[in-house]
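These notes concern the structure reproduced below.
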Amino acid sequence: MVGIEGKVIAITGASSGIGEATARLLATEGARLVIGARRTDRLEKLAEEISSRGGSVRFLGVDVTRRADVEQFAALALSEFGRLDVFVNNAGIMPLSPLAALKVDEWDSMIDVNVKGVLYGIAAALPIMQEQGSGHIVNISSIAAHIVWPMSAVYCGTKFAVRAISDGLRQETDRLRVTVVSPGTTTSELANTITDPAGRDAVAPFRAITISAEAIARAIAYAVSQPDDVDVSEIIVRPTASPF
Ligand code: NDP
């Protein structure tokens with residue numbers, strides 16, 4: 001794929017699922033990577049795998065709810081590789097539940113990770129990219145930014161927010177590219193964050209039809225591979241057999 005080789009790409013939430021698959025694919029295409037998440041044992045293993053195939057990768061323990069962590073993460077790209085071409089705001093959680101269950105702590109966590117985490121990523125990457133005069137921010141939203149289901153009100157709210165923030169950012173910048181990727185149901189560990197039995201039951205039929213994390217990685221790689229004057233602003237990738 002032309003347009004990826006040599007790019008310095010930071011990915012949050014690279015310890016599993018979509019982030020992990022994206023790191024693997026972009027490394028294969030010759031990107032230099034900085035990968036972050038909280039589970040550093042997973043990151044270390046992935047970094048070793050990528051390095052053993054000749055890839056260039058650094059990893060860092062990052063909690064995206066802490067602005068200082070995210071700043072440090074973007075700074076690592078600069079200190080190790082001298083630039084930051086792409087920042088993929090991928091980290092996310094999905095503890096679904098009915099609003100009446102009042103899982104207020106989980107609402108807070110979803111807002112902190114899915115919305116504030118993305119904003120911290122933008123805050124960390126934007127000054128670097130503005131200084132460079134180029135850059136690309138890829139935000140992972142969801143099909144849940146397009147449709148609302150019972151049990152998903154807060155999760156959908158966070159993903160609608162990611163979509164809105166992404167398009168606002170796109171409109172405010174004429175030299176930086178902004179892409180929002182909205183996956184449909186994808187095989188990953190995302191449903192493990194559900195603690196509410198009703199939430200778990202509600203998600204089961206959706207998760208019966210999934211696509212692989214690699215399918216989303218390919219969509220991200222497609223957006224990244226475009227020339228600087230082409231902004232793939234939004235991509236929805238669904239399982240063919242899914243009605244949602
Ligand atoms: P996974 O649960 O497999 O991956 C989520 C990643 O986010 C993990 O690497 C996890 O790492 C990281 N993460 C969670 N909380 C934090 C935090 N506080 N700080 C840093 N990293 C964090 O799920 P997916 O791969 O599916 O999720 C990736 C993105 O895709 C999410 O934004 C999700 O909402 C979105 N998405 C997924 C869909 C699906 O069906 N799978 C559909 C639509 C959108 P760690 O725990 O090590 O920190």
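By order in the structure tokens, chains are A, B, ...; within a chain, residues start at 1; ligands start at 1, following the order shown.
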
Strand (DSSP E) call set, DSSP backbone run, region 61-157 of chain A, as a ChimeraX atom specification: /A:61,86-89,135-140

Put those residues in a file: N, CA and C atoms, as a PDB file, in the first residue's frame.
```
ATOM      1  N   GLY A  61       3.040   2.464  28.553  1.00  0.00           N
ATOM      2  CA  GLY A  61       1.826   2.329  29.357  1.00  0.00           C
ATOM      3  C   GLY A  61       1.093   3.659  29.371  1.00  0.00           C
ATOM      4  N   VAL A  86       0.507  10.389  12.232  1.00  0.00           N
ATOM      5  CA  VAL A  86      -0.876   9.925  12.406  1.00  0.00           C
ATOM      6  C   VAL A  86      -1.086   9.586  13.888  1.00  0.00           C
ATOM      7  N   PHE A  87      -2.215  10.032  14.430  1.00  0.00           N
ATOM      8  CA  PHE A  87      -2.567   9.651  15.814  1.00  0.00           C
ATOM      9  C   PHE A  87      -3.918   8.947  15.739  1.00  0.00           C
ATOM     10  N   VAL A  88      -3.941   7.683  16.120  1.00  0.00           N
ATOM     11  CA  VAL A  88      -5.182   6.906  16.079  1.00  0.00           C
ATOM     12  C   VAL A  88      -5.771   6.836  17.493  1.00  0.00           C
ATOM     13  N   ASN A  89      -6.856   7.562  17.700  1.00  0.00           N
ATOM     14  CA  ASN A  89      -7.574   7.533  18.979  1.00  0.00           C
ATOM     15  C   ASN A  89      -8.519   6.334  18.954  1.00  0.00           C
ATOM     16  N   GLY A 135      -0.412  16.307   9.150  1.00  0.00           N
ATOM     17  CA  GLY A 135      -0.722  15.273  10.134  1.00  0.00           C
ATOM     18  C   GLY A 135      -2.112  14.734   9.881  1.00  0.00           C
ATOM     19  N   HIS A 136      -2.424  13.660  10.604  1.00  0.00           N
ATOM     20  CA  HIS A 136      -3.682  12.952  10.353  1.00  0.00           C
ATOM     21  C   HIS A 136      -4.185  12.401  11.681  1.00  0.00           C
ATOM     22  N   ILE A 137      -5.379  12.780  12.063  1.00  0.00           N
ATOM     23  CA  ILE A 137      -5.983  12.240  13.285  1.00  0.00           C
ATOM     24  C   ILE A 137      -7.097  11.283  12.884  1.00  0.00           C
ATOM     25  N   VAL A 138      -6.995  10.049  13.356  1.00  0.00           N
ATOM     26  CA  VAL A 138      -8.001   9.026  13.058  1.00  0.00           C
ATOM     27  C   VAL A 138      -8.713   8.689  14.364  1.00  0.00           C
ATOM     28  N   ASN A 139     -10.001   8.949  14.406  1.00  0.00           N
ATOM     29  CA  ASN A 139     -10.783   8.663  15.613  1.00  0.00           C
ATOM     30  C   ASN A 139     -11.695   7.464  15.367  1.00  0.00           C
ATOM     31  N   ILE A 140     -11.656   6.502  16.288  1.00  0.00           N
ATOM     32  CA  ILE A 140     -12.513   5.330  16.131  1.00  0.00           C
ATOM     33  C   ILE A 140     -13.831   5.599  16.860  1.00  0.00           C
TER      34      ILE A 140
END
```

Write down as number ranges by chain the residues of region 30-208 of chain A whose backbone DSSP state falls under helix (DSSP H, G or I). A: 40-52, 67-81, 99-101, 104-132, 143-145, 153-172, 190-193, 197-207

Of A:Pro127, A:Gly17, A:Pro150, A:Pro227, the one sitting nearest Ile211 (chain A) when using only C-alpha atoms is A:Gly17
